[in-house]
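Notes follow the structure.
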Amino acid sequence: MEHHTRPTTGPATYLPKAETGRTLPADRTVLLVIDPVNDFLSEGGAAWEMTKGTVEKNNVIPNLKRAIDGARSQGIPVLFGPMAYTEEDYAHHHLQKRSGINRLMFENKMFLAGSWGADFHPEIQPQAQDIVLLPHKSCDVFQTDLAGHLESRGITHLVIAGMTANLCCESTGR
């Protein structure tokens, strides 16, 4: 019986997997970047006090930039999936009553459409060739125009990066 020990690599919150030599077909792959907005990623953002530790510890901004630059350099389309709520969304659809997260977003005016907080982080900006999806209003980006973009391009591989891995990224992946 083989015995495997886990290597110690310092304070990382995860261990990178060894290169497997796997590649994705560039003509059928897209990178979806979820919620790279100021409210999550910038000091002064409405969610900054909740996300600051994760963003800084895991070098989120440089890693997102690296993923985006890598995709673009390989000809892989980059899609941006922002979250945005309007005052009308909260008033007429009672989104703040859906969950504790929605209530917190409402009380702190997170992702308020047209605000600095709902804008893309200055270092993670869509370029002309990128696609900005319609804003999502829940944890699932598939409730936007994402499916249409994937279908029209014959996409079979979706790489997901972005904020709230345990909510928006995971829900979209499922």
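Every chain in the structure tokens has a letter given in the order shown (A, B, ...), and although residue numbers restart at 1 in each chain, ligands are simply numbered from 1 in the order shown.
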
Region 78-80 of chain A surroundings by only C-alpha atoms, 12 Å radius, close-in-sequence under 4 positions cut, as a PyMOL selection string: chain A and resi 26+29-37+64-65+67-74+119-121+124-136+141+144-147+149-150+158-163

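Residues surrounding Glu56 (chain A) within 12 Å are Phe40, Leu41, Ser42, Glu43, Trp48, Glu49, Met50, Pro62 and Asn63 of chain A [only C-alpha atoms; sequence separation below 6 positions excluded].
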
Writer output for current selection, N, CA, C and O atoms, as a compact mmCIF listing (two decimals), in the first residue's frame:
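After the write, selection_33.txt holds the following:
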```txt
# COMPACT_ATOMS: atom_id res chain seq x y z
N PHE A 40 -16.96 44.44 -4.12
CA PHE A 40 -16.22 43.28 -3.62
C PHE A 40 -14.72 43.53 -3.53
O PHE A 40 -14.06 43.07 -2.60
N LEU A 41 -14.15 44.21 -4.53
CA LEU A 41 -12.70 44.20 -4.72
C LEU A 41 -11.97 45.48 -4.33
O LEU A 41 -10.74 45.50 -4.36
N SER A 42 -12.68 46.54 -4.01
CA SER A 42 -12.03 47.82 -3.74
C SER A 42 -12.28 48.30 -2.32
O SER A 42 -13.39 48.17 -1.79
N GLU A 43 -11.24 48.89 -1.75
CA GLU A 43 -11.41 49.53 -0.44
C GLU A 43 -12.48 50.59 -0.58
O GLU A 43 -12.50 51.37 -1.54
N TRP A 48 -16.47 45.34 1.11
CA TRP A 48 -15.02 45.24 1.30
C TRP A 48 -14.63 44.67 2.66
O TRP A 48 -13.74 43.83 2.75
N GLU A 49 -15.29 45.06 3.71
CA GLU A 49 -14.92 44.55 5.03
C GLU A 49 -15.15 43.04 5.14
O GLU A 49 -14.46 42.36 5.87
N MET A 50 -16.09 42.51 4.37
CA MET A 50 -16.35 41.08 4.36
C MET A 50 -15.38 40.32 3.45
O MET A 50 -15.07 39.17 3.69
N PRO A 62 -4.66 40.22 -8.83
CA PRO A 62 -3.63 39.75 -9.78
C PRO A 62 -3.98 38.40 -10.41
O PRO A 62 -3.70 38.18 -11.60
N ASN A 63 -4.60 37.50 -9.66
CA ASN A 63 -4.95 36.20 -10.23
C ASN A 63 -6.07 36.31 -11.26
O ASN A 63 -6.03 35.62 -12.29
```

Top pick for closest residue to Val60 (chain A), considering A:Glu123, A:Glu87, A:Glu107, A:Asp27 and counting only C-alpha atoms: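 Nearest to Val60 (chain A): A:Glu123.
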
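Each of A:Ala46, A:Gly148, A:Ala84, A:Tyr90 was compared to Leu112 (chain A) using only C-alpha atoms, and A:Ala84 turns out to be the nearest.
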
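One distance worth recording is that between CA of Leu167 (chain A) and CA of Arg66 (chain A), which is 22.3 Å.
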
Let's see if you can do this: from backbone DSSP, list all alpha helix (DSSP H) residues in region 45-165 of chain A, as an mmCIF file with N, CA and C atoms, in the first residue's frame.
```cif
data_model
loop_
_atom_site.group_PDB
_atom_site.id
_atom_site.type_symbol
_atom_site.label_atom_id
_atom_site.label_comp_id
_atom_site.auth_asym_id
_atom_site.auth_seq_id
_atom_site.Cartn_x
_atom_site.Cartn_y
_atom_site.Cartn_z
ATOM 1 N N TRP A 48 -16.473 45.338 1.105
ATOM 2 C CA TRP A 48 -15.024 45.244 1.303
ATOM 3 C C TRP A 48 -14.635 44.666 2.659
ATOM 4 N N GLU A 49 -15.288 45.064 3.710
ATOM 5 C CA GLU A 49 -14.917 44.552 5.034
ATOM 6 C C GLU A 49 -15.146 43.043 5.135
ATOM 7 N N MET A 50 -16.093 42.513 4.366
ATOM 8 C CA MET A 50 -16.351 41.075 4.365
ATOM 9 C C MET A 50 -15.385 40.318 3.449
ATOM 10 N N THR A 51 -14.930 40.967 2.378
ATOM 11 C CA THR A 51 -14.114 40.270 1.377
ATOM 12 C C THR A 51 -12.628 40.592 1.461
ATOM 13 N N LYS A 52 -12.272 41.638 2.163
ATOM 14 C CA LYS A 52 -10.887 42.121 2.198
ATOM 15 C C LYS A 52 -9.880 41.009 2.504
ATOM 16 N N GLY A 53 -10.123 40.214 3.531
ATOM 17 C CA GLY A 53 -9.185 39.167 3.920
ATOM 18 C C GLY A 53 -8.947 38.167 2.802
ATOM 19 N N THR A 54 -10.013 37.719 2.175
ATOM 20 C CA THR A 54 -9.902 36.755 1.075
ATOM 21 C C THR A 54 -9.225 37.373 -0.135
ATOM 22 N N VAL A 55 -9.629 38.583 -0.485
ATOM 23 C CA VAL A 55 -9.070 39.258 -1.660
ATOM 24 C C VAL A 55 -7.567 39.441 -1.507
ATOM 25 N N GLU A 56 -7.138 39.870 -0.328
ATOM 26 C CA GLU A 56 -5.715 40.121 -0.113
ATOM 27 C C GLU A 56 -4.930 38.818 0.055
ATOM 28 N N LYS A 57 -5.429 37.892 0.850
ATOM 29 C CA LYS A 57 -4.710 36.644 1.121
ATOM 30 C C LYS A 57 -4.507 35.804 -0.135
ATOM 31 N N VAL A 60 -6.467 37.992 -5.211
ATOM 32 C CA VAL A 60 -7.577 37.840 -6.144
ATOM 33 C C VAL A 60 -7.420 38.724 -7.375
ATOM 34 N N ILE A 61 -7.097 39.986 -7.197
ATOM 35 C CA ILE A 61 -7.011 40.879 -8.356
ATOM 36 C C ILE A 61 -5.895 40.442 -9.313
ATOM 37 N N PRO A 62 -4.656 40.219 -8.833
ATOM 38 C CA PRO A 62 -3.626 39.748 -9.777
ATOM 39 C C PRO A 62 -3.975 38.400 -10.414
ATOM 40 N N ASN A 63 -4.596 37.500 -9.662
ATOM 41 C CA ASN A 63 -4.950 36.197 -10.230
ATOM 42 C C ASN A 63 -6.065 36.305 -11.263
ATOM 43 N N LEU A 64 -7.058 37.152 -11.018
ATOM 44 C CA LEU A 64 -8.102 37.363 -12.029
ATOM 45 C C LEU A 64 -7.503 37.989 -13.287
ATOM 46 N N LYS A 65 -6.625 38.969 -13.099
ATOM 47 C CA LYS A 65 -5.969 39.592 -14.254
ATOM 48 C C LYS A 65 -5.178 38.555 -15.047
ATOM 49 N N ARG A 66 -4.464 37.679 -14.346
ATOM 50 C CA ARG A 66 -3.669 36.653 -15.008
ATOM 51 C C ARG A 66 -4.567 35.699 -15.803
ATOM 52 N N ALA A 67 -5.692 35.308 -15.227
ATOM 53 C CA ALA A 67 -6.624 34.421 -15.936
ATOM 54 C C ALA A 67 -7.193 35.111 -17.177
ATOM 55 N N ILE A 68 -7.588 36.370 -17.034
ATOM 56 C CA ILE A 68 -8.163 37.121 -18.150
ATOM 57 C C ILE A 68 -7.122 37.320 -19.248
ATOM 58 N N ASP A 69 -5.922 37.751 -18.876
ATOM 59 C CA ASP A 69 -4.861 37.958 -19.869
ATOM 60 C C ASP A 69 -4.507 36.652 -20.570
ATOM 61 N N GLY A 70 -4.458 35.563 -19.802
ATOM 62 C CA GLY A 70 -4.158 34.259 -20.383
ATOM 63 C C GLY A 70 -5.216 33.816 -21.379
ATOM 64 N N ALA A 71 -6.475 34.003 -21.028
ATOM 65 C CA ALA A 71 -7.562 33.639 -21.943
ATOM 66 C C ALA A 71 -7.473 34.469 -23.219
ATOM 67 N N ARG A 72 -7.331 35.769 -23.066
ATOM 68 C CA ARG A 72 -7.256 36.638 -24.248
ATOM 69 C C ARG A 72 -6.080 36.257 -25.138
ATOM 70 N N SER A 73 -4.940 35.958 -24.541
ATOM 71 C CA SER A 73 -3.751 35.620 -25.337
ATOM 72 C C SER A 73 -3.929 34.314 -26.113
ATOM 73 N N GLU A 87 -33.041 50.340 -7.457
ATOM 74 C CA GLU A 87 -33.955 50.639 -6.347
ATOM 75 C C GLU A 87 -35.306 49.969 -6.611
ATOM 76 N N GLU A 88 -35.708 49.952 -7.874
ATOM 77 C CA GLU A 88 -36.979 49.325 -8.249
ATOM 78 C C GLU A 88 -36.959 47.821 -7.966
ATOM 79 N N ASP A 89 -35.819 47.173 -8.230
ATOM 80 C CA ASP A 89 -35.712 45.739 -7.927
ATOM 81 C C ASP A 89 -36.042 45.479 -6.463
ATOM 82 N N TYR A 90 -35.451 46.258 -5.594
ATOM 83 C CA TYR A 90 -35.683 46.063 -4.173
ATOM 84 C C TYR A 90 -37.115 46.430 -3.783
ATOM 85 N N ALA A 91 -37.609 47.537 -4.315
ATOM 86 C CA ALA A 91 -38.933 48.022 -3.916
ATOM 87 C C ALA A 91 -40.057 47.123 -4.423
ATOM 88 N N HIS A 92 -40.001 46.731 -5.689
ATOM 89 C CA HIS A 92 -41.124 46.010 -6.286
ATOM 90 C C HIS A 92 -40.991 44.498 -6.228
ATOM 91 N N HIS A 93 -39.778 44.000 -6.157
ATOM 92 C CA HIS A 93 -39.593 42.555 -6.163
ATOM 93 C C HIS A 93 -39.225 42.017 -4.778
ATOM 94 N N GLY A 100 -30.890 36.198 3.848
ATOM 95 C CA GLY A 100 -30.069 37.087 4.659
ATOM 96 C C GLY A 100 -29.046 37.842 3.832
ATOM 97 N N ILE A 101 -28.489 37.193 2.828
ATOM 98 C CA ILE A 101 -27.524 37.847 1.939
ATOM 99 C C ILE A 101 -28.193 38.988 1.199
ATOM 100 N N ASN A 102 -29.391 38.748 0.644
ATOM 101 C CA ASN A 102 -30.096 39.806 -0.073
ATOM 102 C C ASN A 102 -30.441 40.974 0.845
ATOM 103 N N ARG A 103 -30.808 40.667 2.071
ATOM 104 C CA ARG A 103 -31.119 41.743 3.019
ATOM 105 C C ARG A 103 -29.872 42.574 3.310
ATOM 106 N N LEU A 104 -28.740 41.906 3.501
ATOM 107 C CA LEU A 104 -27.478 42.599 3.739
ATOM 108 C C LEU A 104 -27.106 43.473 2.539
ATOM 109 N N MET A 105 -27.303 42.945 1.341
ATOM 110 C CA MET A 105 -27.007 43.728 0.133
ATOM 111 C C MET A 105 -27.907 44.955 0.065
ATOM 112 N N PHE A 106 -29.171 44.786 0.382
ATOM 113 C CA PHE A 106 -30.119 45.896 0.354
ATOM 114 C C PHE A 106 -29.741 46.962 1.381
ATOM 115 N N GLU A 107 -29.472 46.533 2.604
ATOM 116 C CA GLU A 107 -29.154 47.480 3.672
ATOM 117 C C GLU A 107 -27.874 48.266 3.403
ATOM 118 N N LEU A 146 -26.350 34.568 -20.486
ATOM 119 C CA LEU A 146 -25.176 33.710 -20.630
ATOM 120 C C LEU A 146 -25.443 32.521 -21.545
ATOM 121 N N ALA A 147 -26.521 31.798 -21.317
ATOM 122 C CA ALA A 147 -26.807 30.594 -22.115
ATOM 123 C C ALA A 147 -26.870 30.915 -23.601
ATOM 124 N N GLY A 148 -27.467 32.020 -23.952
ATOM 125 C CA GLY A 148 -27.556 32.419 -25.366
ATOM 126 C C GLY A 148 -26.191 32.659 -25.986
ATOM 127 N N HIS A 149 -25.309 33.309 -25.217
ATOM 128 C CA HIS A 149 -23.950 33.547 -25.718
ATOM 129 C C HIS A 149 -23.199 32.229 -25.896
ATOM 130 N N LEU A 150 -23.361 31.310 -24.970
ATOM 131 C CA LEU A 150 -22.675 30.020 -25.068
ATOM 132 C C LEU A 150 -23.198 29.215 -26.262
ATOM 133 N N GLU A 151 -24.510 29.160 -26.404
ATOM 134 C CA GLU A 151 -25.119 28.399 -27.495
ATOM 135 C C GLU A 151 -24.745 28.964 -28.857
ATOM 136 N N SER A 152 -24.796 30.282 -29.005
ATOM 137 C CA SER A 152 -24.525 30.890 -30.315
ATOM 138 C C SER A 152 -23.078 30.698 -30.757
ATOM 139 N N ARG A 153 -22.178 30.450 -29.829
ATOM 140 C CA ARG A 153 -20.766 30.247 -30.145
ATOM 141 C C ARG A 153 -20.361 28.776 -30.116
#
```

Rounded to one decimal place, report the CA of Gly114 (chain A)-CA of Ala165 (chain A) distance in Å.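 The value is 24.3 Å.
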
Measuring between only C-alpha atoms, which one of A:Arg174, A:Lys109, A:Arg28, A:Lys137 shows the shortest distance to Pro82 (chain A)?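 Once distances to Pro82 (chain A) are computed over only C-alpha atoms, the minimum belongs to A:Lys137.
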